[in-house]
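Visitor: Got a file for you: work03.txt, compact mmCIF, C-alpha atoms and all ligand atoms.
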# COMPACT_ATOMS: atom_id res chain seq x y z
CA MET V 43 -11.53 -10.79 29.14
CA ASP V 44 -14.29 -8.22 29.60
CA VAL V 45 -13.73 -6.00 26.61
CA SER V 46 -16.62 -3.60 27.13
CA GLU V 47 -14.62 -1.52 29.60
CA LEU V 48 -11.70 -1.42 27.15
CA TYR V 49 -13.97 -0.28 24.32
CA ARG V 50 -15.59 2.38 26.53
CA HIS V 51 -12.14 3.63 27.43
CA ILE V 52 -11.21 3.89 23.74
CA ASP V 53 -14.42 5.82 22.96
CA GLY V 54 -13.45 8.20 25.78
CA MET V 55 -10.11 8.96 24.12
CA GLU V 56 -11.64 10.32 20.90
CA ASP V 57 -10.46 13.90 21.48
CA MET V 58 -6.92 12.77 22.29
CA MET V 59 -6.82 10.66 19.14
CA ILE V 60 -7.95 13.58 17.02
CA GLY V 61 -5.29 15.66 18.80
CA LEU V 62 -2.52 13.28 17.72
CA LEU V 63 -3.85 13.10 14.16
CA SER V 64 -4.05 16.88 14.03
CA GLU V 65 -0.45 17.16 15.18
CA ILE V 66 0.92 14.71 12.63
CA VAL V 67 -1.13 16.12 9.74
CA SER V 68 0.37 19.54 10.48
CA VAL V 69 3.93 18.29 9.78
CA PRO V 70 4.28 17.60 6.05
CA ALA V 71 6.32 14.42 5.57
CA VAL V 72 6.80 14.27 1.82
CA GLY V 73 9.74 12.29 0.43
CA PRO V 74 12.53 13.89 -1.62
CA ALA V 75 11.51 12.26 -4.92
CA SER V 76 8.27 14.25 -4.62
CA GLY V 77 10.09 17.44 -3.68
CA GLY V 78 9.74 17.17 0.12
CA ASP V 79 12.12 17.31 3.10
CA GLY V 80 11.38 13.81 4.37
CA GLU V 81 9.82 12.55 7.61
CA MET V 82 12.20 13.73 10.37
CA GLY V 83 9.91 16.48 11.73
CA LYS V 84 6.98 14.13 11.90
CA ALA V 85 9.07 11.35 13.48
CA ARG V 86 10.15 13.76 16.23
CA ALA V 87 6.53 14.70 16.94
CA ILE V 88 5.48 11.05 17.09
CA GLU V 89 8.44 10.09 19.27
CA ALA V 90 7.66 12.90 21.74
CA ARG V 91 4.08 11.70 22.09
CA LEU V 92 5.13 8.06 22.48
CA ARG V 93 7.58 9.04 25.24
CA GLU V 94 4.89 11.13 26.95
CA MET V 95 2.55 8.13 26.96
CA ASP V 96 5.41 5.89 28.11
CA LEU V 97 4.22 3.03 25.95
CA GLY V 98 7.47 1.12 25.63
CA GLN V 99 11.04 1.24 24.46
CA ILE V 100 11.84 3.31 21.36
CA VAL V 101 14.70 2.46 19.02
CA HIS V 102 15.83 4.48 15.98
CA LEU V 103 16.56 2.58 12.78
CA ASP V 104 17.20 5.60 10.58
CA ALA V 105 18.55 5.20 7.06
CA PRO V 106 21.00 7.67 5.50
CA ASP V 107 19.68 9.75 2.59
CA PRO V 108 21.75 12.70 1.35
CA ARG V 109 18.72 14.14 -0.47
CA VAL V 110 17.01 15.39 2.73
CA PRO V 111 18.07 18.05 5.28
CA GLY V 112 19.88 16.26 8.12
CA GLY V 113 20.70 13.36 5.77
CA MET V 114 18.51 10.78 7.52
CA ARG V 115 15.18 9.07 6.88
CA PRO V 116 13.75 8.11 10.27
CA ASN V 117 12.33 4.71 11.20
CA LEU V 118 11.11 4.14 14.76
CA ARG V 119 10.65 0.83 16.51
CA LEU V 120 8.42 0.75 19.57
CA ASP V 121 8.76 -2.41 21.68
CA VAL V 122 6.15 -3.38 24.25
CA LYS V 123 6.63 -6.49 26.35
CA GLY V 124 3.87 -9.08 26.45
CA ARG V 125 3.09 -12.28 28.32
CA ASP V 126 4.45 -14.68 25.72
CA ARG V 127 8.00 -13.50 25.07
CA ASN V 128 8.49 -16.09 22.30
CA SER V 129 5.80 -14.73 20.04
CA ARG V 130 5.63 -11.24 18.53
CA LEU V 131 2.89 -9.17 16.94
CA VAL V 132 4.28 -6.59 14.51
CA VAL V 133 2.24 -3.62 13.28
CA MET V 134 3.69 -1.58 10.45
CA VAL V 135 2.59 1.98 9.78
CA HIS V 136 4.20 4.65 7.62
CA MET V 137 4.83 8.30 8.41
CA ASP V 138 5.33 9.73 4.92
CA VAL V 139 2.53 11.20 2.81
CA VAL V 140 2.15 12.12 -0.83
CA PRO V 141 2.06 15.81 -1.83
CA PRO V 142 -1.36 17.50 -1.80
CA GLY V 143 -1.46 17.80 -5.60
CA ASP V 144 -3.45 20.66 -7.15
CA PRO V 145 -4.18 23.00 -4.17
CA SER V 146 -7.27 24.42 -5.87
CA LEU V 147 -8.98 21.04 -5.50
CA TRP V 148 -8.74 21.25 -1.69
CA VAL V 149 -11.47 23.04 0.24
CA SER V 150 -9.10 23.52 3.20
CA ASP V 151 -5.37 23.66 3.91
CA PRO V 152 -4.18 20.05 3.30
CA PHE V 153 -1.75 20.28 6.24
CA ARG V 154 -4.31 21.39 8.80
CA LEU V 155 -6.75 18.84 10.19
CA VAL V 156 -10.34 19.96 9.74
CA ARG V 157 -13.28 18.33 11.48
CA ASP V 158 -16.62 18.30 9.71
CA GLY V 159 -19.13 16.30 11.75
CA ASP V 160 -17.84 12.73 11.81
CA ARG V 161 -15.30 13.47 9.12
CA LEU V 162 -11.65 14.45 9.51
CA VAL V 163 -10.02 16.02 6.45
CA GLY V 164 -6.31 16.50 5.74
CA ARG V 165 -3.38 15.06 3.77
CA GLY V 166 -2.38 11.76 5.33
CA VAL V 167 -5.43 11.28 7.60
CA GLU V 168 -6.21 8.02 5.83
CA ASP V 169 -2.80 7.19 4.41
CA ASN V 170 -1.56 6.29 7.00
CA GLY V 171 -2.62 8.56 9.90
CA GLN V 172 -5.76 6.69 10.92
CA ALA V 173 -3.90 3.40 11.42
CA LEU V 174 -0.96 5.08 13.12
CA THR V 175 -3.30 6.75 15.62
CA ALA V 176 -5.36 3.58 16.08
CA VAL V 177 -2.36 1.44 17.03
CA VAL V 178 -0.86 4.05 19.37
CA PHE V 179 -4.15 4.44 21.28
CA ALA V 180 -4.80 0.70 21.28
CA LEU V 181 -1.51 0.32 23.17
CA LYS V 182 -2.40 3.23 25.45
CA ALA V 183 -5.84 1.78 26.25
CA VAL V 184 -4.35 -1.59 27.14
CA LYS V 185 -1.74 0.09 29.34
CA ASP V 186 -4.25 2.47 31.01
CA LEU V 187 -6.37 -0.48 32.09
CA GLY V 188 -3.36 -2.30 33.50
CA LEU V 189 -3.67 -5.10 30.93
CA GLU V 190 -0.76 -6.97 29.40
CA PRO V 191 -0.50 -7.80 25.69
CA ALA V 192 -0.73 -11.55 25.04
CA ARG V 193 2.65 -11.51 23.29
CA ASP V 194 5.44 -9.05 22.62
CA VAL V 195 4.38 -6.18 20.39
CA THR V 196 6.53 -4.16 18.00
CA VAL V 197 5.23 -1.17 16.08
CA PHE V 198 7.38 0.12 13.23
CA PHE V 199 6.83 3.73 12.15
CA VAL V 200 8.58 3.81 8.78
CA SER V 201 9.62 6.29 6.11
CA ASP V 202 9.69 6.06 2.34
CA GLU V 203 6.53 3.98 1.83
CA GLU V 204 5.20 6.27 -0.89
CA GLU V 205 8.37 6.33 -2.97
CA SER V 206 10.65 3.29 -2.95
CA ASN V 207 10.33 1.53 0.44
CA GLU V 208 14.11 1.12 0.27
CA LEU V 209 14.83 3.44 3.20
CA GLY V 210 11.85 2.23 5.22
CA ILE V 211 10.73 -1.39 5.17
CA GLY V 212 13.60 -2.31 2.84
CA HIS V 213 16.06 -0.91 5.37
CA LEU V 214 14.43 -2.86 8.22
CA LEU V 215 14.61 -6.08 6.19
CA LYS V 216 18.29 -5.49 5.51
CA GLU V 217 18.90 -4.87 9.19
CA GLY V 218 17.28 -8.22 10.05
CA GLU V 219 14.40 -6.64 11.99
CA PHE V 220 11.87 -9.37 11.20
CA ARG V 221 11.62 -12.88 12.55
CA LYS V 222 10.26 -15.79 10.58
CA ASP V 223 7.27 -16.35 12.86
CA ASP V 224 6.27 -12.71 13.45
CA LEU V 225 2.54 -12.04 13.23
CA ILE V 226 2.49 -9.01 10.93
CA LEU V 227 -0.35 -6.56 10.39
CA VAL V 228 -0.01 -3.80 7.78
CA PRO V 229 -3.06 -1.53 8.21
CA ASP V 230 -2.51 0.37 4.96
CA HIS V 231 -5.34 -0.76 2.74
CA GLY V 232 -8.95 -1.69 3.35
CA ASP V 233 -12.57 -1.28 2.45
CA PRO V 234 -15.33 0.94 3.87
CA GLU V 235 -16.82 -1.92 5.91
CA GLY V 236 -13.51 -3.37 7.08
CA ARG V 237 -14.81 -6.70 5.86
CA VAL V 238 -11.87 -7.93 3.79
CA ILE V 239 -8.46 -8.99 5.04
CA GLU V 240 -6.10 -8.65 2.09
CA VAL V 241 -3.76 -11.63 1.86
CA MET V 242 -2.41 -11.42 -1.69
CA GLU V 243 -1.67 -9.05 -4.51
CA LYS V 244 -1.29 -9.43 -8.22
CA THR V 245 2.08 -9.23 -9.92
CA LEU V 246 2.58 -5.73 -11.29
CA LEU V 247 4.16 -5.06 -14.68
CA TRP V 248 4.48 -1.63 -16.30
CA LEU V 249 5.55 -1.60 -19.94
CA LYS V 250 6.45 1.10 -22.40
CA ALA V 251 6.02 0.49 -26.14
CA THR V 252 7.88 2.73 -28.57
CA VAL V 253 7.12 2.49 -32.27
CA THR V 254 9.55 4.07 -34.73
CA GLY V 255 8.70 4.80 -38.37
CA LYS V 256 9.66 7.83 -40.45
CA GLN V 257 8.36 11.39 -40.09
CA CYS V 258 7.27 13.47 -43.12
CA HIS V 259 4.56 15.91 -44.27
CA ALA V 260 1.12 14.36 -43.99
CA SER V 261 0.32 15.36 -47.57
CA MET V 262 3.13 13.12 -48.89
CA PRO V 263 2.67 9.91 -46.84
CA HIS V 264 4.63 7.83 -49.36
CA LEU V 265 7.81 9.65 -48.20
CA GLY V 266 7.47 8.49 -44.59
CA ASN V 267 6.14 5.66 -42.45
CA ASN V 268 3.35 6.49 -40.01
CA ALA V 269 4.36 5.32 -36.52
CA LEU V 270 0.96 6.15 -34.99
CA ARG V 271 -0.90 3.84 -37.40
CA ALA V 272 1.50 0.97 -36.58
CA SER V 273 1.25 1.85 -32.87
CA MET V 274 -2.57 1.72 -32.92
CA GLU V 275 -2.50 -1.64 -34.66
CA PHE V 276 0.10 -2.98 -32.26
CA GLY V 277 -1.78 -1.62 -29.22
CA SER V 278 -5.12 -3.17 -30.13
CA ARG V 279 -3.58 -6.48 -31.27
CA ALA V 280 -1.51 -6.74 -28.08
CA ASP V 281 -4.54 -5.84 -25.97
CA MET V 282 -6.70 -8.55 -27.59
CA GLU V 283 -3.96 -11.16 -27.53
CA LEU V 284 -3.16 -10.61 -23.83
CA HIS V 285 -6.83 -10.95 -22.87
CA ARG V 286 -7.17 -14.08 -25.07
CA ARG V 287 -4.05 -15.77 -23.65
CA PHE V 288 -4.63 -14.93 -19.96
CA PRO V 289 -8.38 -15.33 -19.38
CA ASP V 290 -8.22 -17.01 -15.94
CA ARG V 291 -10.62 -15.94 -13.26
CA ASP V 292 -9.89 -15.91 -9.53
CA ASP V 293 -12.79 -14.75 -7.40
CA ARG V 294 -10.58 -14.16 -4.39
CA PHE V 295 -9.55 -10.85 -6.00
CA ASP V 296 -11.65 -7.68 -6.01
CA HIS V 297 -11.10 -7.54 -9.80
CA PRO V 298 -11.13 -11.31 -10.49
CA PHE V 299 -9.02 -11.31 -13.70
CA SER V 300 -5.55 -10.33 -14.83
CA SER V 301 -5.75 -6.77 -16.18
CA PHE V 302 -3.93 -5.26 -19.17
CA GLU V 303 -4.70 -1.58 -19.57
CA PRO V 304 -3.16 0.82 -22.09
CA THR V 305 -2.65 3.99 -20.05
CA LYS V 306 -0.14 6.81 -20.41
CA LYS V 307 0.46 8.13 -23.95
CA GLY V 308 3.69 9.65 -25.20
CA PRO V 309 3.37 13.26 -26.47
CA GLY V 310 3.49 12.44 -30.23
CA VAL V 311 3.61 15.21 -32.83
CA ASP V 312 2.17 18.66 -32.20
CA GLY V 313 0.95 19.44 -35.72
CA ILE V 314 -2.03 17.93 -37.49
CA ASN V 315 -0.18 17.91 -40.79
CA ILE V 316 2.87 16.08 -39.45
CA LEU V 317 3.00 12.35 -40.12
CA PRO V 318 4.45 10.96 -36.89
CA GLY V 319 7.78 9.16 -37.06
CA GLU V 320 7.54 7.96 -33.46
CA ASP V 321 4.75 6.99 -31.07
CA SER V 322 4.81 5.61 -27.55
CA PHE V 323 2.38 4.45 -24.88
CA HIS V 324 2.29 2.37 -21.71
CA PHE V 325 0.52 -0.75 -20.48
CA ASP V 326 -0.36 -1.25 -16.81
CA CYS V 327 -0.59 -5.04 -16.33
CA ARG V 328 -1.66 -6.81 -13.12
CA LEU V 329 -1.38 -10.58 -13.18
CA LEU V 330 -3.09 -13.29 -11.20
CA PRO V 331 -0.56 -15.34 -9.21
CA GLN V 332 -0.48 -18.24 -11.70
CA HIS V 333 0.92 -16.02 -14.49
CA SER V 334 4.45 -14.73 -14.68
CA LYS V 335 5.75 -11.50 -16.09
CA ASP V 336 7.91 -13.53 -18.52
CA ASP V 337 4.79 -15.19 -20.03
CA VAL V 338 3.30 -11.74 -20.65
CA MET V 339 6.53 -10.34 -22.09
CA ALA V 340 6.78 -13.30 -24.51
CA VAL V 341 3.26 -12.67 -25.85
CA ILE V 342 3.69 -8.92 -26.20
CA ARG V 343 7.11 -9.28 -27.86
CA SER V 344 5.80 -11.73 -30.42
CA VAL V 345 2.95 -9.36 -31.36
CA ALA V 346 5.50 -6.52 -31.59
CA ARG V 347 7.67 -8.56 -33.98
CA GLU V 348 4.71 -9.47 -36.16
CA VAL V 349 3.27 -5.94 -36.44
CA GLY V 350 6.75 -4.40 -36.75
CA ASP V 351 7.63 -6.71 -39.64
CA ARG V 352 4.39 -6.10 -41.47
CA THR V 353 4.49 -2.30 -41.09
CA SER V 354 8.27 -1.94 -41.46
CA THR V 355 8.50 -0.17 -38.12
CA ALA V 356 10.66 -0.91 -35.09
CA ILE V 357 8.56 -1.73 -32.02
CA GLU V 358 10.49 -1.69 -28.82
CA ILE V 359 9.08 -3.01 -25.52
CA GLU V 360 10.65 -1.76 -22.34
CA GLU V 361 9.89 -2.89 -18.79
CA VAL V 362 9.39 0.25 -16.67
CA LEU V 363 8.61 -1.47 -13.38
CA SER V 364 7.72 -4.91 -12.15
CA GLU V 365 6.86 -6.29 -8.75
CA THR V 366 6.36 -10.00 -8.51
CA THR V 367 4.35 -11.24 -5.57
CA SER V 368 5.57 -14.73 -4.99
CA HIS V 369 4.27 -15.64 -1.57
CA PRO V 370 0.58 -15.03 -0.83
CA THR V 371 -0.35 -15.23 2.84
CA SER V 372 -2.44 -18.26 3.76
CA PRO V 373 -5.97 -17.50 5.03
CA ASP V 374 -5.07 -20.05 7.71
CA SER V 375 -1.96 -18.21 8.86
CA PRO V 376 -1.83 -17.27 12.56
CA ILE V 377 -2.05 -13.51 11.89
CA VAL V 378 -5.13 -13.85 9.69
CA ARG V 379 -6.87 -16.15 12.17
CA LEU V 380 -6.10 -13.90 15.11
CA LEU V 381 -7.11 -10.73 13.27
CA SER V 382 -10.37 -12.37 12.12
CA GLU V 383 -11.14 -13.22 15.74
CA ALA V 384 -10.44 -9.62 16.81
CA ILE V 385 -12.61 -8.13 14.06
CA GLU V 386 -15.45 -10.49 14.91
CA ALA V 387 -15.16 -9.62 18.60
CA VAL V 388 -15.64 -5.92 17.82
CA THR V 389 -18.09 -5.98 14.90
CA GLY V 390 -19.90 -9.28 15.40
CA GLU V 391 -19.13 -10.16 11.80
CA ARG V 392 -16.61 -12.64 10.44
CA PRO V 393 -14.31 -11.01 7.86
CA VAL V 394 -13.34 -12.66 4.58
CA THR V 395 -9.92 -12.87 2.93
CA GLY V 396 -9.18 -11.61 -0.55
CA GLY V 397 -6.70 -10.12 -2.97
CA ILE V 398 -6.20 -6.75 -4.65
CA GLY V 399 -4.49 -5.45 -7.77
CA GLY V 400 -1.41 -4.44 -5.84
CA GLY V 401 0.30 -1.49 -4.36
CA THR V 402 0.76 -2.20 -0.67
CA CYS V 403 4.16 -2.51 0.97
CA ALA V 404 3.09 -5.91 2.35
CA ALA V 405 4.26 -7.42 -0.95
CA ILE V 406 7.90 -6.79 0.01
CA LEU V 407 7.47 -8.58 3.32
CA ARG V 408 5.59 -11.44 1.68
CA ASN V 409 8.31 -11.83 -0.94
CA ALA V 410 10.79 -12.07 1.92
CA GLY V 411 8.78 -15.05 3.18
CA HIS V 412 6.61 -13.43 5.86
CA GLU V 413 2.90 -13.91 6.47
CA VAL V 414 1.22 -10.51 6.41
CA ALA V 415 -2.39 -9.43 6.86
CA VAL V 416 -3.43 -6.09 5.37
CA TRP V 417 -6.56 -4.64 6.88
CA GLU V 418 -8.24 -1.42 8.04
CA THR V 419 -11.58 0.36 7.63
CA ILE V 420 -11.21 3.25 5.20
CA LEU V 421 -13.10 5.11 2.49
CA ASN V 422 -10.26 4.71 -0.06
CA GLN V 423 -9.37 8.39 -0.13
CA ALA V 424 -5.59 7.91 -0.20
CA HIS V 425 -3.75 10.40 -2.43
CA ALA V 426 -7.02 12.19 -3.31
CA PRO V 427 -7.70 15.88 -2.71
CA ASN V 428 -9.71 16.46 0.50
CA GLU V 429 -8.50 13.09 1.82
CA HIS V 430 -10.78 12.19 4.72
CA ILE V 431 -11.69 9.52 7.24
CA LEU V 432 -14.65 8.82 9.51
CA ILE V 433 -14.12 9.07 13.27
CA PRO V 434 -16.24 5.92 13.93
CA ASN V 435 -13.82 3.94 11.70
CA LEU V 436 -10.84 5.27 13.65
CA LEU V 437 -12.43 4.20 16.94
CA LYS V 438 -13.47 0.82 15.56
CA ASP V 439 -10.02 0.04 14.15
CA CYS V 440 -8.47 1.08 17.46
CA LYS V 441 -10.74 -1.41 19.26
CA VAL V 442 -9.87 -4.18 16.80
CA ILE V 443 -6.15 -3.59 17.27
CA ALA V 444 -6.52 -3.40 21.07
CA THR V 445 -8.37 -6.72 20.97
CA LEU V 446 -5.67 -8.16 18.73
CA LEU V 447 -3.05 -7.15 21.30
CA LEU V 448 -4.86 -9.10 24.00
CA LEU V 449 -5.89 -12.23 22.12
CA ALA V 450 -3.69 -15.18 22.92
CA GLY V 451 -5.20 -17.25 20.11
CA THR V 452 -3.16 -20.13 18.85
CA ALA V 453 -0.04 -18.67 17.37
CA ARG V 454 0.57 -21.92 15.48
CA PRO V 455 -2.26 -23.77 13.74
CA ASP V 456 -0.86 -27.14 14.88
CA ALA V 457 -1.24 -26.05 18.52
CA MET V 458 -5.04 -26.19 18.17
ZN ZN O 1 -0.11 4.09 2.69
Translate this file's structure into structure tokens.
Ligand SMILES: [Zn+2]
Guide:
Amino acid sequence: MDVSELYRHIDGMEDMMIGLLSEIVSVPAVGPASGGDGEMGKARAIEARLREMDLGQIVHLDAPDPRVPGGMRPNLRLDVKGRDRNSRLVVMVHMDVVPPGDPSLWVSDPFRLVRDGDRLVGRGVEDNGQALTAVVFALKAVKDLGLEPARDVTVFFVSDEEESNELGIGHLLKEGEFRKDDLILVPDHGDPEGRVIEVMEKTLLWLKATVTGKQCHASMPHLGNNALRASMEFGSRADMELHRRFPDRDDRFDHPFSSFEPTKKGPGVDGINILPGEDSFHFDCRLLPQHSKDDVMAVIRSVAREVGDRTSTAIEIEEVLSETTSHPTSPDSPIVRLLSEAIEAVTGERPVTGGIGGGTCAAILRNAGHEVAVWETILNQAHAPNEHILIPNLLKDCKVIATLLLLAGTARPDAM
């Protein structure tokens, strides 16, 4: 395959790509839990453009949601036929965005794409507009040049990634949309060089600790029981104990240890002379794959019992959220090998595989038993004010995906 013509063609489509990004940025697609109307407007815009480009067959897999106008959260499936009808490449992108946050932190209207040299600024340009645009134009480039994808290709444009995933990927899983041997790419996390293919995430555990003593006037401490003092002791003991009991190092992760961070604080009392009767705070824990959430809960509960007994307070530990990642993707899996080949073809450099602290929707697919590669080239601007991307990264990722579409590779390692 002579790819130089393909890459030249992609470079020539820069203005059209920015046009699509501009269009989708201008339709806010914020989920109802964040006060938005959902993704239907944006899905319509994307569908119209896909039909115009005549890229393949489009199927709606919408999920009912009474919280949004129209009552539906859209999910689109675009099917493109390839040479090998028994193998399928799946690319998953999401349409929803997070709200802009404090508008005074933005230098421009978040829902209007602004170009500043090589930079494109707007809510959702990185998360997940760049990847969405890259995959659409990769398909267009392949079609324009009369080429045929090596295998069947399905692109899912999903809703609800930023909130619960239940009405997006979760809905597709329930509907049986994935096959065991799909080659799945989720371009929704990456690094500025596009050097790392993410194949695993840590197990996530969010905890809330509530310490109850007895409130009184601070001048008469013998009449109460200071919950903040017990809470501070518990917090630092738990922190030390967790780090002592789970010291393992795994250099495949960007942060190579389990992490246990005290984060959000409860409001506490609002007067300096009030001895607090209650105190609460949270731990954000991210565990290497060899540790389980139950091991961590056992340690933290035993510290809570000890400190509670000694200080005559009640220390309650509550699990706010947990996401166990039980099935890391093998660096030898067909999707990782094929993607590595595509990246090397475009950049001349072999990527590496690694893990992150968590937060991509790939975890749900991996837990359902699928092999998933997470990769793209981004500045890690997601959810930030003045979210921006670089046009050269958009073009590069488009070329990598176009190459991935064409590479036959060896879908099964044992076929080598
Ligand atoms: Zn995202």
Visitor: Excluding Ala105 of chain V and its own-chain neighbours fewer than 4 positions away, which residues fall within 12 Å of it when counting all atoms listed in the file? Please give them as an mmCIF file with C-alpha atoms, in the frame of the given file.
Guide:
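Output below, filename selection04.cif:
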data_model
loop_
_atom_site.group_PDB
_atom_site.id
_atom_site.type_symbol
_atom_site.label_atom_id
_atom_site.label_comp_id
_atom_site.auth_asym_id
_atom_site.auth_seq_id
_atom_site.Cartn_x
_atom_site.Cartn_y
_atom_site.Cartn_z
ATOM 1 C CA GLY V 80 11.380 13.810 4.370
ATOM 2 C CA GLU V 81 9.820 12.550 7.610
ATOM 3 C CA MET V 82 12.200 13.730 10.370
ATOM 4 C CA ARG V 109 18.720 14.140 -0.470
ATOM 5 C CA VAL V 110 17.010 15.390 2.730
ATOM 6 C CA GLY V 112 19.880 16.260 8.120
ATOM 7 C CA GLY V 113 20.700 13.360 5.770
ATOM 8 C CA MET V 114 18.510 10.780 7.520
ATOM 9 C CA ARG V 115 15.180 9.070 6.880
ATOM 10 C CA PRO V 116 13.750 8.110 10.270
ATOM 11 C CA ASN V 117 12.330 4.710 11.200
ATOM 12 C CA LEU V 118 11.110 4.140 14.760
ATOM 13 C CA VAL V 200 8.580 3.810 8.780
ATOM 14 C CA SER V 201 9.620 6.290 6.110
ATOM 15 C CA ASP V 202 9.690 6.060 2.340
ATOM 16 C CA ASN V 207 10.330 1.530 0.440
ATOM 17 C CA GLU V 208 14.110 1.120 0.270
ATOM 18 C CA LEU V 209 14.830 3.440 3.200
ATOM 19 C CA GLY V 210 11.850 2.230 5.220
ATOM 20 C CA ILE V 211 10.730 -1.390 5.170
ATOM 21 C CA GLY V 212 13.600 -2.310 2.840
ATOM 22 C CA HIS V 213 16.060 -0.910 5.370
ATOM 23 C CA LEU V 214 14.430 -2.860 8.220
ATOM 24 C CA LEU V 215 14.610 -6.080 6.190
ATOM 25 C CA LYS V 216 18.290 -5.490 5.510
ATOM 26 C CA GLU V 217 18.900 -4.870 9.190
#
Visitor: I'd like the neighbourhood of His297 of chain V as a PyMOL selection string, where a residue qualifies if any of its atoms comes within 8 Å (using only C-alpha atoms), though same-chain residues fewer than 4 positions away should be ignored.
Guide: chain V and resi 293+398-399
Visitor: Produce a file of the selected residues containing C-alpha atoms, as a tab-separated table (two decimals), in the frame of the given file.
Guide:
chain	number	residue	atom	x	y	z
V	293	ASP	CA	-12.79	-14.75	-7.40
V	398	ILE	CA	-6.20	-6.75	-4.65
V	399	GLY	CA	-4.49	-5.45	-7.77
Visitor: Report, as lines of an AutoDock Vina configuration file, the axis-aligned box around all atoms of segment 88-92 of chain V present in the file, extended by 5 Å on each side; give centre and edge lengths in Å to one decimal place.
Guide:
center_x = 6.3
center_y = 10.5
center_z = 19.8
size_x = 14.4
size_y = 14.8
size_z = 15.4
Visitor: Smallest atom-to-atom distance to ligand ZN 1 (chain O): which of V:His136, V:His102, V:Lys84, V:Lys123, using all atoms listed in the file?
Guide: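 For ligand ZN 1 (chain O), the nearest of the given residues is V:His136.
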Visitor: Could the residues that lie within 6 Å of ligand ZN 1 (chain O), counting only C-alpha atoms and all ligand atoms, be listed as an MDAnalysis selection string?
Guide: chainID V and resid 169:170 230
Visitor: Because some atoms of segment 413-425 of chain V are absent here, can you restore N, CA and C atoms and send them as a PDB file, in the frame of the given file?
Guide:
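Output below, filename result07.pdb:
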ATOM      1  N   GLU V 413       4.358 -13.896   6.575  1.00  0.00           N
ATOM      2  CA  GLU V 413       2.900 -13.910   6.470  1.00  0.00           C
ATOM      3  C   GLU V 413       2.406 -12.543   6.936  1.00  0.00           C
ATOM      4  N   VAL V 414       1.642 -11.868   6.091  1.00  0.00           N
ATOM      5  CA  VAL V 414       1.220 -10.510   6.410  1.00  0.00           C
ATOM      6  C   VAL V 414      -0.269 -10.337   6.125  1.00  0.00           C
ATOM      7  N   ALA V 415      -0.989  -9.784   7.088  1.00  0.00           N
ATOM      8  CA  ALA V 415      -2.390  -9.430   6.860  1.00  0.00           C
ATOM      9  C   ALA V 415      -2.478  -7.922   6.641  1.00  0.00           C
ATOM     10  N   VAL V 416      -3.207  -7.521   5.629  1.00  0.00           N
ATOM     11  CA  VAL V 416      -3.430  -6.090   5.370  1.00  0.00           C
ATOM     12  C   VAL V 416      -4.902  -5.821   5.643  1.00  0.00           C
ATOM     13  N   TRP V 417      -5.163  -4.900   6.533  1.00  0.00           N
ATOM     14  CA  TRP V 417      -6.560  -4.640   6.880  1.00  0.00           C
ATOM     15  C   TRP V 417      -6.698  -3.271   7.541  1.00  0.00           C
ATOM     16  N   GLU V 418      -7.759  -2.555   7.264  1.00  0.00           N
ATOM     17  CA  GLU V 418      -8.240  -1.420   8.040  1.00  0.00           C
ATOM     18  C   GLU V 418      -9.601  -1.029   7.467  1.00  0.00           C
ATOM     19  N   THR V 419     -10.253  -0.054   8.086  1.00  0.00           N
ATOM     20  CA  THR V 419     -11.580   0.360   7.630  1.00  0.00           C
ATOM     21  C   THR V 419     -11.475   1.795   7.103  1.00  0.00           C
ATOM     22  N   ILE V 420     -11.444   1.922   5.800  1.00  0.00           N
ATOM     23  CA  ILE V 420     -11.210   3.250   5.200  1.00  0.00           C
ATOM     24  C   ILE V 420     -12.121   3.477   3.999  1.00  0.00           C
ATOM     25  N   LEU V 421     -12.222   4.740   3.602  1.00  0.00           N
ATOM     26  CA  LEU V 421     -13.100   5.110   2.490  1.00  0.00           C
ATOM     27  C   LEU V 421     -12.368   5.114   1.147  1.00  0.00           C
ATOM     28  N   ASN V 422     -11.097   4.682   1.147  1.00  0.00           N
ATOM     29  CA  ASN V 422     -10.260   4.710  -0.060  1.00  0.00           C
ATOM     30  C   ASN V 422     -10.128   6.111  -0.648  1.00  0.00           C
ATOM     31  N   GLN V 423      -9.580   6.976   0.187  1.00  0.00           N
ATOM     32  CA  GLN V 423      -9.370   8.390  -0.130  1.00  0.00           C
ATOM     33  C   GLN V 423      -7.890   8.700  -0.307  1.00  0.00           C
ATOM     34  N   ALA V 424      -7.033   7.677  -0.172  1.00  0.00           N
ATOM     35  CA  ALA V 424      -5.590   7.910  -0.200  1.00  0.00           C
ATOM     36  C   ALA V 424      -5.205   8.656  -1.469  1.00  0.00           C
ATOM     37  N   HIS V 425      -4.329   9.635  -1.321  1.00  0.00           N
ATOM     38  CA  HIS V 425      -3.750  10.400  -2.430  1.00  0.00           C
ATOM     39  C   HIS V 425      -4.749  11.358  -3.090  1.00  0.00           C
TER      40      HIS V 425
END
